[in-house]
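Chemist: mmCIF, C-alpha atoms and all ligand atoms, file target.cif:
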```
data_protein
#
loop_
_atom_site.label_atom_id
_atom_site.label_comp_id
_atom_site.auth_asym_id
_atom_site.auth_seq_id
_atom_site.Cartn_x
_atom_site.Cartn_y
_atom_site.Cartn_z
CA MET A 1424 150.57 120.22 113.43
CA THR A 1425 152.51 116.98 113.97
CA SER A 1426 151.86 113.79 111.98
CA GLU A 1427 152.76 110.43 113.58
CA GLY A 1428 152.11 106.80 112.52
CA GLY A 1429 149.30 107.66 110.07
CA ILE A 1430 147.68 110.02 112.57
CA ASN A 1431 147.18 113.52 111.23
CA PRO A 1432 144.97 115.31 113.76
CA ALA A 1433 144.73 118.53 111.75
CA ARG A 1434 143.54 116.69 108.62
CA GLU A 1435 141.04 114.64 110.63
CA GLU A 1436 139.64 117.62 112.55
CA ALA A 1437 139.34 119.67 109.35
CA LEU A 1438 137.23 116.94 107.75
CA THR A 1439 134.87 116.76 110.75
CA ALA A 1440 134.45 120.55 110.67
CA GLU A 1441 133.83 120.47 106.91
CA VAL A 1442 131.08 117.84 107.22
CA VAL A 1443 129.45 119.68 110.14
CA ARG A 1444 129.48 122.88 108.04
CA ALA A 1445 127.76 121.05 105.18
CA PHE A 1446 124.67 120.73 107.39
CA ALA A 1447 124.72 124.39 108.45
CA SER A 1448 121.54 125.36 106.63
CA ALA A 1449 119.41 122.41 107.80
CA ASP A 1450 116.51 123.32 110.09
CA PRO A 1451 117.79 123.96 113.64
CA ARG A 1452 116.86 120.59 115.17
CA LEU A 1453 118.09 118.57 112.18
CA LYS A 1454 121.29 120.59 112.20
CA GLU A 1455 121.77 119.95 115.92
CA ILE A 1456 121.23 116.20 115.52
CA LEU A 1457 123.37 115.77 112.41
CA SER A 1458 126.21 117.95 113.67
CA SER A 1459 126.38 115.94 116.87
CA LEU A 1460 126.07 112.63 115.01
CA VAL A 1461 128.90 113.53 112.62
CA THR A 1462 131.10 114.81 115.45
CA HIS A 1463 130.61 111.65 117.54
CA LEU A 1464 130.90 109.31 114.54
CA HIS A 1465 134.16 110.89 113.43
CA ALA A 1466 135.48 110.84 116.99
CA PHE A 1467 134.66 107.13 117.20
CA ILE A 1468 136.41 106.36 113.89
CA ARG A 1469 139.46 108.32 115.01
CA GLU A 1470 139.52 106.82 118.51
CA VAL A 1471 139.47 103.18 117.38
CA ARG A 1472 141.53 103.94 114.22
CA LEU A 1473 138.93 102.08 112.15
CA THR A 1474 140.48 100.02 109.32
CA PRO A 1475 138.87 99.78 105.84
CA GLN A 1476 138.11 96.11 106.53
CA GLU A 1477 136.31 96.97 109.76
CA TRP A 1478 134.40 99.77 108.01
CA ARG A 1479 133.32 97.23 105.36
CA ALA A 1480 132.29 94.69 108.04
CA GLY A 1481 130.10 97.39 109.62
CA ILE A 1482 128.48 98.18 106.25
CA ASP A 1483 127.86 94.45 105.60
CA PHE A 1484 126.33 94.10 109.07
CA LEU A 1485 123.88 96.94 108.40
CA ALA A 1486 123.04 95.55 104.95
CA GLU A 1487 122.26 92.15 106.50
CA ALA A 1488 120.06 93.86 109.09
CA GLY A 1489 118.22 95.54 106.22
CA ARG A 1490 117.69 92.26 104.38
CA ILE A 1491 116.10 90.52 107.38
CA THR A 1492 113.88 93.49 108.27
CA ASP A 1493 110.26 93.44 107.08
CA ASP A 1494 106.79 94.34 108.41
CA ARG A 1495 107.08 91.77 111.22
CA ARG A 1496 110.79 91.82 111.95
CA GLN A 1497 112.76 94.97 112.76
CA GLU A 1498 116.44 94.12 113.11
CA PHE A 1499 117.51 97.76 113.45
CA ILE A 1500 115.37 98.20 116.58
CA LEU A 1501 116.86 94.98 117.93
CA LEU A 1502 120.31 96.42 117.25
CA SER A 1503 119.32 99.62 119.05
CA ASP A 1504 118.05 97.45 121.92
CA VAL A 1505 121.25 95.44 122.40
CA LEU A 1506 123.38 98.58 122.14
CA GLY A 1507 121.34 100.15 124.94
CA ALA A 1508 120.24 102.94 122.57
CA SER A 1509 116.54 102.14 123.00
CA MET A 1510 116.82 102.19 126.79
CA GLN A 1511 118.88 105.39 126.71
CA THR A 1512 116.16 107.02 124.59
CA VAL A 1513 113.63 105.88 127.21
CA ASN A 1514 115.84 107.37 129.94
CA VAL A 1515 116.18 110.80 128.37
CA ASN A 1516 112.42 111.06 127.77
CA ALA A 1517 111.11 109.55 131.02
CA PRO A 1518 109.71 111.72 133.83
CA SER A 1519 112.46 112.52 136.29
CA ASP A 1520 110.35 112.49 139.48
CA PRO A 1521 111.63 109.49 141.49
CA ALA A 1522 108.17 109.05 143.02
CA THR A 1523 106.77 107.94 139.65
CA THR A 1524 107.10 104.42 138.23
CA GLU A 1525 110.19 103.93 136.08
CA SER A 1526 109.83 103.36 132.35
CA THR A 1527 111.45 100.71 130.22
CA VAL A 1528 111.42 99.56 126.58
CA LEU A 1529 108.18 98.90 124.71
CA GLY A 1530 109.65 95.93 122.80
CA PRO A 1531 108.43 94.58 119.46
CA PHE A 1532 105.45 92.57 120.70
CA PHE A 1533 102.99 95.33 121.58
CA ALA A 1534 99.77 95.12 119.51
CA GLU A 1535 97.40 98.07 119.06
CA ASP A 1536 94.29 95.90 118.88
CA SER A 1537 94.36 93.87 122.10
CA PRO A 1538 90.98 92.62 123.37
CA LEU A 1539 89.13 94.57 126.05
CA ALA A 1540 88.87 92.53 129.24
CA ASP A 1541 86.80 92.99 132.39
CA ASN A 1542 88.34 93.16 135.80
CA GLY A 1543 88.85 89.63 137.13
CA GLU A 1544 88.92 88.01 133.67
CA ASP A 1545 91.33 85.24 132.65
CA ILE A 1546 93.33 86.69 129.76
CA ALA A 1547 95.61 83.64 129.26
CA ARG A 1548 93.21 82.22 126.64
CA GLY A 1549 95.23 79.04 126.19
CA ALA A 1550 98.74 80.54 126.41
CA PRO A 1551 101.00 77.92 128.00
CA GLY A 1552 102.27 78.41 131.56
CA SER A 1553 101.34 78.57 135.25
CA PRO A 1554 98.30 80.69 136.16
CA CYS A 1555 99.15 84.01 137.76
CA TRP A 1556 96.75 86.35 139.58
CA VAL A 1557 97.76 89.97 139.01
CA GLU A 1558 96.45 92.96 140.99
CA VAL A 1559 97.67 96.41 140.06
CA GLU A 1560 96.70 99.87 141.17
CA VAL A 1561 97.22 103.05 139.16
CA ARG A 1562 97.81 106.24 141.12
CA SER A 1563 98.79 109.82 140.42
CA GLU A 1564 101.85 111.51 141.90
CA SER A 1565 99.70 112.79 144.76
CA GLY A 1566 98.75 109.20 145.66
CA GLU A 1567 95.14 109.47 144.40
CA PRO A 1568 93.80 106.42 142.55
CA ILE A 1569 93.20 107.04 138.84
CA PRO A 1570 89.86 105.56 137.73
CA GLY A 1571 89.32 104.85 134.02
CA ALA A 1572 93.03 104.55 133.15
CA ARG A 1573 93.69 102.27 130.20
CA VAL A 1574 96.00 99.41 131.19
CA GLU A 1575 97.48 97.35 128.35
CA VAL A 1576 99.16 94.13 129.43
CA TRP A 1577 101.03 91.53 127.40
CA GLY A 1578 103.40 88.69 128.19
CA ALA A 1579 105.10 85.59 126.80
CA GLY A 1580 104.01 82.06 127.61
CA ASP A 1581 106.35 79.55 129.25
CA ASP A 1582 107.42 78.53 125.72
CA GLY A 1583 109.10 81.96 125.54
CA LEU A 1584 106.73 83.12 122.79
CA TYR A 1585 104.20 85.93 122.53
CA ASP A 1586 100.86 85.24 120.83
CA VAL A 1587 101.96 87.36 117.84
CA GLN A 1588 104.91 84.99 117.30
CA ARG A 1589 102.66 81.93 117.11
CA SER A 1590 101.23 82.24 113.61
CA GLY A 1591 97.50 81.99 113.14
CA GLU A 1592 96.72 82.08 116.85
CA GLU A 1593 94.25 84.32 118.61
CA MET A 1594 95.55 86.95 120.99
CA ALA A 1595 96.50 85.28 124.26
CA ASN A 1596 97.96 86.55 127.52
CA ARG A 1597 97.26 90.03 126.20
CA ALA A 1598 94.39 92.44 126.88
CA HIS A 1599 93.49 95.95 127.87
CA PHE A 1600 91.48 97.00 130.89
CA PHE A 1601 90.12 100.20 132.36
CA THR A 1602 90.83 100.79 136.02
CA SER A 1603 87.98 100.61 138.53
CA SER A 1604 86.80 103.56 140.63
CA GLN A 1605 89.60 102.61 143.05
CA GLY A 1606 92.21 102.69 140.26
CA GLY A 1607 92.56 98.89 140.27
CA VAL A 1608 92.91 96.17 137.65
CA ARG A 1609 92.95 92.47 138.47
CA PHE A 1610 93.15 89.44 136.22
CA TRP A 1611 94.38 85.90 135.72
CA GLY A 1612 97.33 85.66 133.31
CA ILE A 1613 100.47 83.56 132.95
CA LEU A 1614 103.53 83.57 135.20
CA PRO A 1615 106.22 85.35 133.11
CA SER A 1616 109.16 83.26 131.85
CA ALA A 1617 112.59 84.34 130.61
CA TYR A 1618 112.99 84.15 126.83
CA PRO A 1619 115.59 84.88 124.15
CA ILE A 1620 115.35 87.85 121.81
CA PRO A 1621 115.42 86.80 118.12
CA VAL A 1622 118.98 85.62 117.35
CA ASP A 1623 118.65 84.27 113.81
CA GLY A 1624 119.91 87.55 112.28
CA PRO A 1625 123.04 89.72 112.47
CA VAL A 1626 122.21 90.94 115.99
CA GLY A 1627 122.31 87.32 117.18
CA LYS A 1628 125.74 86.92 115.57
CA LEU A 1629 126.91 90.11 117.29
CA LEU A 1630 125.79 88.84 120.71
CA ALA A 1631 127.46 85.47 120.09
CA ALA A 1632 130.70 87.13 118.95
CA ALA A 1633 130.70 89.24 122.11
CA GLY A 1634 129.83 86.28 124.37
CA ARG A 1635 126.67 88.06 125.51
CA SER A 1636 123.43 86.51 126.67
CA GLU A 1637 120.42 86.77 124.36
CA MET A 1638 118.01 86.27 127.26
CA ARG A 1639 115.48 88.71 128.66
CA PRO A 1640 114.56 88.10 132.30
CA ALA A 1641 110.95 87.06 132.94
CA HIS A 1642 108.64 90.09 132.75
CA LEU A 1643 105.12 91.27 132.10
CA HIS A 1644 104.61 94.37 129.91
CA PHE A 1645 102.36 97.29 130.83
CA LEU A 1646 101.36 100.41 128.90
CA ILE A 1647 99.21 102.72 131.00
CA THR A 1648 97.52 105.82 129.68
CA ALA A 1649 95.30 108.20 131.63
CA GLU A 1650 94.02 111.68 130.97
CA GLY A 1651 96.20 114.39 132.47
CA HIS A 1652 99.14 112.02 132.94
CA SER A 1653 102.21 111.02 130.95
CA PRO A 1654 101.86 107.57 129.39
CA LEU A 1655 103.82 104.88 131.20
CA VAL A 1656 105.57 102.10 129.28
CA THR A 1657 107.04 99.62 131.69
CA HIS A 1658 107.50 95.99 132.77
CA ILE A 1659 107.24 94.10 136.01
CA PHE A 1660 110.14 91.67 136.38
CA VAL A 1661 110.08 88.46 138.42
CA SER A 1662 112.23 88.63 141.54
CA GLY A 1663 114.97 85.98 141.60
CA ASP A 1664 115.14 85.55 137.81
CA ARG A 1665 118.66 84.47 136.83
CA TYR A 1666 118.87 86.96 133.93
CA LEU A 1667 118.00 90.14 135.85
CA ALA A 1668 121.62 91.35 135.80
CA THR A 1669 122.26 90.46 132.15
CA ASP A 1670 119.11 91.57 130.30
CA ALA A 1671 120.02 91.56 126.58
CA VAL A 1672 118.28 94.93 126.14
CA PHE A 1673 119.26 96.61 129.46
CA GLY A 1674 115.62 97.17 130.43
CA VAL A 1675 115.73 96.13 134.11
CA ARG A 1676 115.22 98.68 136.87
CA ALA A 1677 115.38 97.52 140.48
CA SER A 1678 112.12 99.33 141.28
CA LEU A 1679 110.34 97.20 138.67
CA VAL A 1680 111.26 93.83 140.23
CA ALA A 1681 108.34 92.28 142.13
CA GLU A 1682 107.68 89.15 144.16
CA PHE A 1683 105.53 86.54 142.48
CA GLU A 1684 104.19 84.47 145.37
CA GLU A 1685 103.71 80.75 144.80
CA HIS A 1686 100.46 79.08 145.95
CA GLY A 1687 99.53 75.42 146.26
CA ALA A 1688 97.20 73.71 143.80
CA ASP A 1689 94.52 73.34 146.46
CA GLU A 1690 94.63 76.98 147.59
CA GLU A 1691 91.67 79.03 146.43
CA GLY A 1692 92.42 82.14 144.36
CA PRO A 1693 91.48 85.64 145.62
CA ASP A 1694 88.37 85.47 143.41
CA GLY A 1695 87.33 82.09 144.85
CA ARG A 1696 88.56 80.17 141.82
CA THR A 1697 90.51 76.88 142.20
CA VAL A 1698 92.90 76.23 139.32
CA ALA A 1699 93.95 72.66 140.28
CA LYS A 1700 97.65 73.35 139.81
CA PRO A 1701 100.22 75.54 141.53
CA TRP A 1702 99.60 79.21 140.78
CA TYR A 1703 101.23 82.56 141.48
CA SER A 1704 100.17 86.05 142.51
CA MET A 1705 101.67 89.50 142.15
CA GLN A 1706 100.57 92.96 143.32
CA HIS A 1707 102.02 96.26 142.19
CA VAL A 1708 101.26 99.99 142.35
CA PHE A 1709 102.01 102.16 139.31
CA VAL A 1710 102.45 105.90 139.80
CA LEU A 1711 101.92 108.06 136.72
CA ALA A 1712 103.58 111.46 136.29
CA ASN A 1713 101.31 114.45 135.80
CA LYS A 1714 101.20 115.82 132.29
CA PRO A 1715 100.74 119.60 132.35
CA GLU A 1716 99.33 119.91 128.82
CA GLN A 1717 96.82 117.58 127.23
CA LYS A 1718 97.26 116.50 123.61
CA PRO A 1719 94.15 115.43 121.64
CA ALA A 1720 93.27 111.78 122.35
CA ARG A 1721 94.47 109.17 119.83
CA SER A 1722 94.92 105.38 119.98
CA ALA A 1723 96.83 104.03 122.99
CA GLY A 1724 100.13 103.43 121.20
CA ALA A 1725 100.04 106.65 119.18
CA ASP A 1726 98.92 108.73 122.15
CA ALA A 1727 101.82 107.37 124.14
CA ASN A 1728 104.16 108.79 121.45
CA LEU A 1729 106.14 105.62 121.90
CA GLY A 1730 108.09 105.20 118.73
CA ASP A 1731 109.32 101.65 119.16
CA CYS A 1732 111.75 101.94 122.05
C1 LIG A 1801 110.36 92.39 124.76
O1 LIG A 1801 110.42 92.54 125.94
O2 LIG A 1801 109.31 91.97 124.34
C2 LIG A 1801 111.54 92.68 123.87
C3 LIG A 1801 112.21 93.87 124.01
C4 LIG A 1801 113.30 94.15 123.19
C5 LIG A 1801 113.71 93.22 122.24
C6 LIG A 1801 113.04 92.00 122.12
C7 LIG A 1801 111.95 91.74 122.95
FE FE A 1802 108.86 91.11 126.49
#
```
If you convert what's in this file into structure tokens, what do you get?
Modeler:
Amino acid sequence: MTSEGGINPAREEALTAEVVRAFASADPRLKEILSSLVTHLHAFIREVRLTPQEWRAGIDFLAEAGRITDDRRQEFILLSDVLGASMQTVNVNAPSDPATTESTVLGPFFAEDSPLADNGEDIARGAPGSPCWVEVEVRSESGEPIPGARVEVWGAGDDGLYDVQRSGEEMANRAHFFTSSQGGVRFWGILPSAYPIPVDGPVGKLLAAAGRSEMRPAHLHFLITAEGHSPLVTHIFVSGDRYLATDAVFGVRASLVAEFEEHGADEEGPDGRTVAKPWYSMQHVFVLANKPEQKPARSAGADANLGDC
């Protein structure tokens, strides 16, 4: 084997093989994952010819992420998000049928214990922003409406904050519904606004160093679960948002961008309500993939087997 300018391919390849062999007796899935991880990690180090200083900077970055992480703040998931690893995990696990609604990241602001709301209710509960009338329908792949599906919805106010980020506040602009006999859910919420992901930690420094935007385009989150169907974790994005092409977490899918129609202050809402200020409306149909086998029912988040992507 040749050796040029500090590059000794035989020595480097032998080390990779040795480390892969060290995991040979792990259980088959662990072995598969670790062998691939080691192979790709070594290939990366060799490709960029990582210096000791750069290796140390990487270690310090991860240590800083660990220090800022606690029960409420998960910097490693944020890192996964901005590297596109969360969205790629969503991609490899999402149903492949193009007729079904596309999935995207869950994000850190889902809460297991959202209030139950009735169809037609105002779920804003004081969250700041313009009123928005939302009508969604949940259907199966065959086009049949799915009655009794659980629809979790949550969104930020126009201050860019979720209720769980405003300490001591009640849940606002967040609820769960069950679809009507026609598979529908309708409610008053808040027009979504673009907002920044948390940038006061190492991930923020990384984005700044790379000249990347920390903004997420305006969106409303949905988690839909129904018996006999795969859970759907998705967003609806606001058409025309300036950050659609530069989402910090790569969560945008063109099929998830919807029109939010503007209405005048004096125009009556679909439920006969007048809100005395300009308001918006959005309609969307969600199509759930069939799930061949049923697992025993658990809570919405756990049943969805979501992890935190
Ligand atoms: C969110 O949409 O809520 C979100 C997703 C990933 C990182 C930060 C926020
Ligand atoms: Fe969000």
Chemist: Any idea what's packed within 10 Å of Val1442 (chain A), counting all atoms listed in the file, ignoring anything in its chain fewer than 2 positions away? Could you give it as a PyMOL selection string?
Modeler: chain A and resi 1437-1440+1444-1447+1457-1458+1461-1462+1465
Chemist: Could the residues that lie within 9 Å of ligand FE 1802 (chain A), counting only C-alpha atoms and all ligand atoms, be listed as a list in words?
Modeler: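 After applying the 9 Å limit, what remains is Val1528, Leu1529, Gly1530, Pro1531, Phe1532, Phe1533, Trp1577, Gly1578, Ala1579, Tyr1585, Ala1617, Tyr1618, Ile1620, Arg1639, Pro1640, Ala1641, His1642, Leu1643, His1644 and His1658 of chain A.
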Chemist: Create the file for the chosen residues now, containing C-alpha atoms and written as a JSON list (two decimals), keeping the file's coordinate frame.
Modeler:
```
[["chain", "number", "residue", "atom", "x", "y", "z"],
["A", 1528, "VAL", "CA", 111.42, 99.56, 126.58],
["A", 1529, "LEU", "CA", 108.18, 98.90, 124.71],
["A", 1530, "GLY", "CA", 109.65, 95.93, 122.80],
["A", 1531, "PRO", "CA", 108.43, 94.58, 119.46],
["A", 1532, "PHE", "CA", 105.45, 92.57, 120.70],
["A", 1533, "PHE", "CA", 102.99, 95.33, 121.58],
["A", 1577, "TRP", "CA", 101.03, 91.53, 127.40],
["A", 1578, "GLY", "CA", 103.40, 88.69, 128.19],
["A", 1579, "ALA", "CA", 105.10, 85.59, 126.80],
["A", 1585, "TYR", "CA", 104.20, 85.93, 122.53],
["A", 1617, "ALA", "CA", 112.59, 84.34, 130.61],
["A", 1618, "TYR", "CA", 112.99, 84.15, 126.83],
["A", 1620, "ILE", "CA", 115.35, 87.85, 121.81],
["A", 1639, "ARG", "CA", 115.48, 88.71, 128.66],
["A", 1640, "PRO", "CA", 114.56, 88.10, 132.30],
["A", 1641, "ALA", "CA", 110.95, 87.06, 132.94],
["A", 1642, "HIS", "CA", 108.64, 90.09, 132.75],
["A", 1643, "LEU", "CA", 105.12, 91.27, 132.10],
["A", 1644, "HIS", "CA", 104.61, 94.37, 129.91],
["A", 1658, "HIS", "CA", 107.50, 95.99, 132.77]]
```
Chemist: Pick from A:Ser1519, A:Ser1509, A:Asn1596, A:Ser1503: nearest to Ile1546 (chain A), with all atoms listed in the file counted?
Modeler: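 Closest candidate: A:Asn1596.
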Chemist: Taking every listed atom of ligand LIG 1801 (chain A) and adding 4 Å to each side, what centre and edge lengths in Å (one decimal) does the axis-aligned box have, as AutoDock Vina command-line options?
Modeler:
```
--center_x 111.5 --center_y 92.9 --center_z 124.0 --size_x 12.4 --size_y 10.4 --size_z 11.8
```
Chemist: Could you tell me how far CA of Gly1571 (chain A) lies from CA of Cys1555 (chain A), in Å and to one decimal?
Modeler: 23.3 Å
Chemist: For each of A:Arg1469, A:Arg1495, A:His1707, A:Arg1635, take the minimum atom-to-atom distance to Ser1678 (chain A), counting only C-alpha atoms, then give the residue where this is smallest.
Modeler: A:His1707
Chemist: I want to know what sits within 8 Å of region 1688-1699 of chain A, based on all atoms listed in the file, with residues of the same chain fewer than 5 positions away left out; could you give that as a PyMOL selection string?
Modeler: chain A and resi 1543+1554+1556
Chemist: Skipping near chain neighbours, those fewer than 2 positions away, what residues fall within 7 Å of Phe1601 (chain A) using only C-alpha atoms, listed as number ranges by chain?
Modeler: A: 1571-1574, 1603
Chemist: Mind dumping the selected residues with C-alpha atoms as a PDB file, in the frame of the given file?
Modeler:
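Once written, again.pdb looks like this:
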```pdb
ATOM      1  CA  GLY A1571      89.320 104.850 134.020  1.00  0.00           C
ATOM      2  CA  ALA A1572      93.030 104.550 133.150  1.00  0.00           C
ATOM      3  CA  ARG A1573      93.690 102.270 130.200  1.00  0.00           C
ATOM      4  CA  VAL A1574      96.000  99.410 131.190  1.00  0.00           C
ATOM      5  CA  SER A1603      87.980 100.610 138.530  1.00  0.00           C
TER       6      SER A1603
END
```
Chemist: Between A:Ala1449, A:Leu1711, A:Leu1502, A:Ala1522, which one has atoms that come closest to ligand LIG 1801 (chain A), using only C-alpha atoms and all ligand atoms?
Modeler: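 Answer, going by the shortest atom-to-atom distance: A:Leu1502.
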Chemist: Since the input has fewer atoms than a full residue there, write region 1589-1620 of chain A out with N, CA and C atoms, as a PDB file, in the coordinates of the input.
Modeler:
```pdb
ATOM      1  N   ARG A1589     103.223  83.241 117.462  1.00  0.00           N
ATOM      2  CA  ARG A1589     102.660  81.930 117.110  1.00  0.00           C
ATOM      3  C   ARG A1589     101.661  82.177 115.986  1.00  0.00           C
ATOM      4  N   SER A1590     102.039  81.822 114.753  1.00  0.00           N
ATOM      5  CA  SER A1590     101.230  82.240 113.610  1.00  0.00           C
ATOM      6  C   SER A1590      99.836  81.631 113.653  1.00  0.00           C
ATOM      7  N   GLY A1591      98.877  82.454 113.257  1.00  0.00           N
ATOM      8  CA  GLY A1591      97.500  81.990 113.140  1.00  0.00           C
ATOM      9  C   GLY A1591      96.751  81.884 114.460  1.00  0.00           C
ATOM     10  N   GLU A1592      97.418  82.219 115.562  1.00  0.00           N
ATOM     11  CA  GLU A1592      96.720  82.080 116.850  1.00  0.00           C
ATOM     12  C   GLU A1592      95.990  83.353 117.242  1.00  0.00           C
ATOM     13  N   GLU A1593      94.960  83.173 118.049  1.00  0.00           N
ATOM     14  CA  GLU A1593      94.250  84.320 118.610  1.00  0.00           C
ATOM     15  C   GLU A1593      95.148  85.028 119.626  1.00  0.00           C
ATOM     16  N   MET A1594      94.781  86.246 119.968  1.00  0.00           N
ATOM     17  CA  MET A1594      95.550  86.950 120.990  1.00  0.00           C
ATOM     18  C   MET A1594      95.404  86.230 122.322  1.00  0.00           C
ATOM     19  N   ALA A1595      96.509  86.013 122.992  1.00  0.00           N
ATOM     20  CA  ALA A1595      96.500  85.280 124.260  1.00  0.00           C
ATOM     21  C   ALA A1595      97.507  85.909 125.214  1.00  0.00           C
ATOM     22  N   ASN A1596      97.154  85.906 126.483  1.00  0.00           N
ATOM     23  CA  ASN A1596      97.960  86.550 127.520  1.00  0.00           C
ATOM     24  C   ASN A1596      98.222  88.011 127.142  1.00  0.00           C
ATOM     25  N   ARG A1597      97.191  88.635 126.651  1.00  0.00           N
ATOM     26  CA  ARG A1597      97.260  90.030 126.200  1.00  0.00           C
ATOM     27  C   ARG A1597      95.837  90.596 126.277  1.00  0.00           C
ATOM     28  N   ALA A1598      95.711  91.813 126.796  1.00  0.00           N
ATOM     29  CA  ALA A1598      94.390  92.440 126.880  1.00  0.00           C
ATOM     30  C   ALA A1598      94.569  93.895 127.294  1.00  0.00           C
ATOM     31  N   HIS A1599      93.477  94.650 127.207  1.00  0.00           N
ATOM     32  CA  HIS A1599      93.490  95.950 127.870  1.00  0.00           C
ATOM     33  C   HIS A1599      92.281  96.061 128.786  1.00  0.00           C
ATOM     34  N   PHE A1600      92.488  96.806 129.846  1.00  0.00           N
ATOM     35  CA  PHE A1600      91.480  97.000 130.890  1.00  0.00           C
ATOM     36  C   PHE A1600      91.312  98.498 131.121  1.00  0.00           C
ATOM     37  N   PHE A1601      90.243  98.847 131.826  1.00  0.00           N
ATOM     38  CA  PHE A1601      90.120 100.200 132.360  1.00  0.00           C
ATOM     39  C   PHE A1601      90.033 100.078 133.870  1.00  0.00           C
ATOM     40  N   THR A1602      90.779 100.916 134.569  1.00  0.00           N
ATOM     41  CA  THR A1602      90.830 100.790 136.020  1.00  0.00           C
ATOM     42  C   THR A1602      89.464 101.099 136.653  1.00  0.00           C
ATOM     43  N   SER A1603      89.219 100.443 137.768  1.00  0.00           N
ATOM     44  CA  SER A1603      87.980 100.610 138.530  1.00  0.00           C
ATOM     45  C   SER A1603      87.952 101.987 139.205  1.00  0.00           C
ATOM     46  N   SER A1604      86.884 102.265 139.922  1.00  0.00           N
ATOM     47  CA  SER A1604      86.800 103.560 140.630  1.00  0.00           C
ATOM     48  C   SER A1604      87.898 103.690 141.678  1.00  0.00           C
ATOM     49  N   GLN A1605      88.471 102.559 142.103  1.00  0.00           N
ATOM     50  CA  GLN A1605      89.600 102.610 143.050  1.00  0.00           C
ATOM     51  C   GLN A1605      90.960 102.577 142.339  1.00  0.00           C
ATOM     52  N   GLY A1606      90.944 102.680 141.019  1.00  0.00           N
ATOM     53  CA  GLY A1606      92.210 102.690 140.260  1.00  0.00           C
ATOM     54  C   GLY A1606      92.803 101.294 140.083  1.00  0.00           C
ATOM     55  N   GLY A1607      92.008 100.253 140.288  1.00  0.00           N
ATOM     56  CA  GLY A1607      92.560  98.890 140.270  1.00  0.00           C
ATOM     57  C   GLY A1607      92.241  98.112 139.008  1.00  0.00           C
ATOM     58  N   VAL A1608      93.133  97.170 138.705  1.00  0.00           N
ATOM     59  CA  VAL A1608      92.910  96.170 137.650  1.00  0.00           C
ATOM     60  C   VAL A1608      93.378  94.836 138.209  1.00  0.00           C
ATOM     61  N   ARG A1609      92.588  93.798 138.002  1.00  0.00           N
ATOM     62  CA  ARG A1609      92.950  92.470 138.470  1.00  0.00           C
ATOM     63  C   ARG A1609      92.577  91.446 137.416  1.00  0.00           C
ATOM     64  N   PHE A1610      93.428  90.440 137.267  1.00  0.00           N
ATOM     65  CA  PHE A1610      93.150  89.440 136.220  1.00  0.00           C
ATOM     66  C   PHE A1610      93.986  88.189 136.448  1.00  0.00           C
ATOM     67  N   TRP A1611      93.571  87.115 135.798  1.00  0.00           N
ATOM     68  CA  TRP A1611      94.380  85.900 135.720  1.00  0.00           C
ATOM     69  C   TRP A1611      95.171  85.959 134.412  1.00  0.00           C
ATOM     70  N   GLY A1612      96.483  85.762 134.500  1.00  0.00           N
ATOM     71  CA  GLY A1612      97.330  85.660 133.310  1.00  0.00           C
ATOM     72  C   GLY A1612      98.272  84.490 133.486  1.00  0.00           C
ATOM     73  N   ILE A1613      99.467  84.634 132.921  1.00  0.00           N
ATOM     74  CA  ILE A1613     100.470  83.560 132.950  1.00  0.00           C
ATOM     75  C   ILE A1613     101.712  84.064 133.683  1.00  0.00           C
ATOM     76  N   LEU A1614     102.276  83.217 134.538  1.00  0.00           N
ATOM     77  CA  LEU A1614     103.530  83.570 135.200  1.00  0.00           C
ATOM     78  C   LEU A1614     104.592  83.851 134.123  1.00  0.00           C
ATOM     79  N   PRO A1615     105.220  85.057 134.155  1.00  0.00           N
ATOM     80  CA  PRO A1615     106.220  85.350 133.110  1.00  0.00           C
ATOM     81  C   PRO A1615     107.404  84.384 133.162  1.00  0.00           C
ATOM     82  N   SER A1616     107.953  84.098 131.982  1.00  0.00           N
ATOM     83  CA  SER A1616     109.160  83.260 131.850  1.00  0.00           C
ATOM     84  C   SER A1616     110.220  84.043 131.095  1.00  0.00           C
ATOM     85  N   ALA A1617     111.487  83.738 131.377  1.00  0.00           N
ATOM     86  CA  ALA A1617     112.590  84.340 130.610  1.00  0.00           C
ATOM     87  C   ALA A1617     112.536  83.800 129.189  1.00  0.00           C
ATOM     88  N   TYR A1618     112.982  84.615 128.228  1.00  0.00           N
ATOM     89  CA  TYR A1618     112.990  84.150 126.830  1.00  0.00           C
ATOM     90  C   TYR A1618     114.104  84.853 126.057  1.00  0.00           C
ATOM     91  N   PRO A1619     114.540  84.242 124.954  1.00  0.00           N
ATOM     92  CA  PRO A1619     115.590  84.880 124.150  1.00  0.00           C
ATOM     93  C   PRO A1619     115.013  85.883 123.160  1.00  0.00           C
ATOM     94  N   ILE A1620     115.734  86.971 122.910  1.00  0.00           N
ATOM     95  CA  ILE A1620     115.350  87.850 121.810  1.00  0.00           C
ATOM     96  C   ILE A1620     115.695  87.116 120.504  1.00  0.00           C
TER      97      ILE A1620
END
```
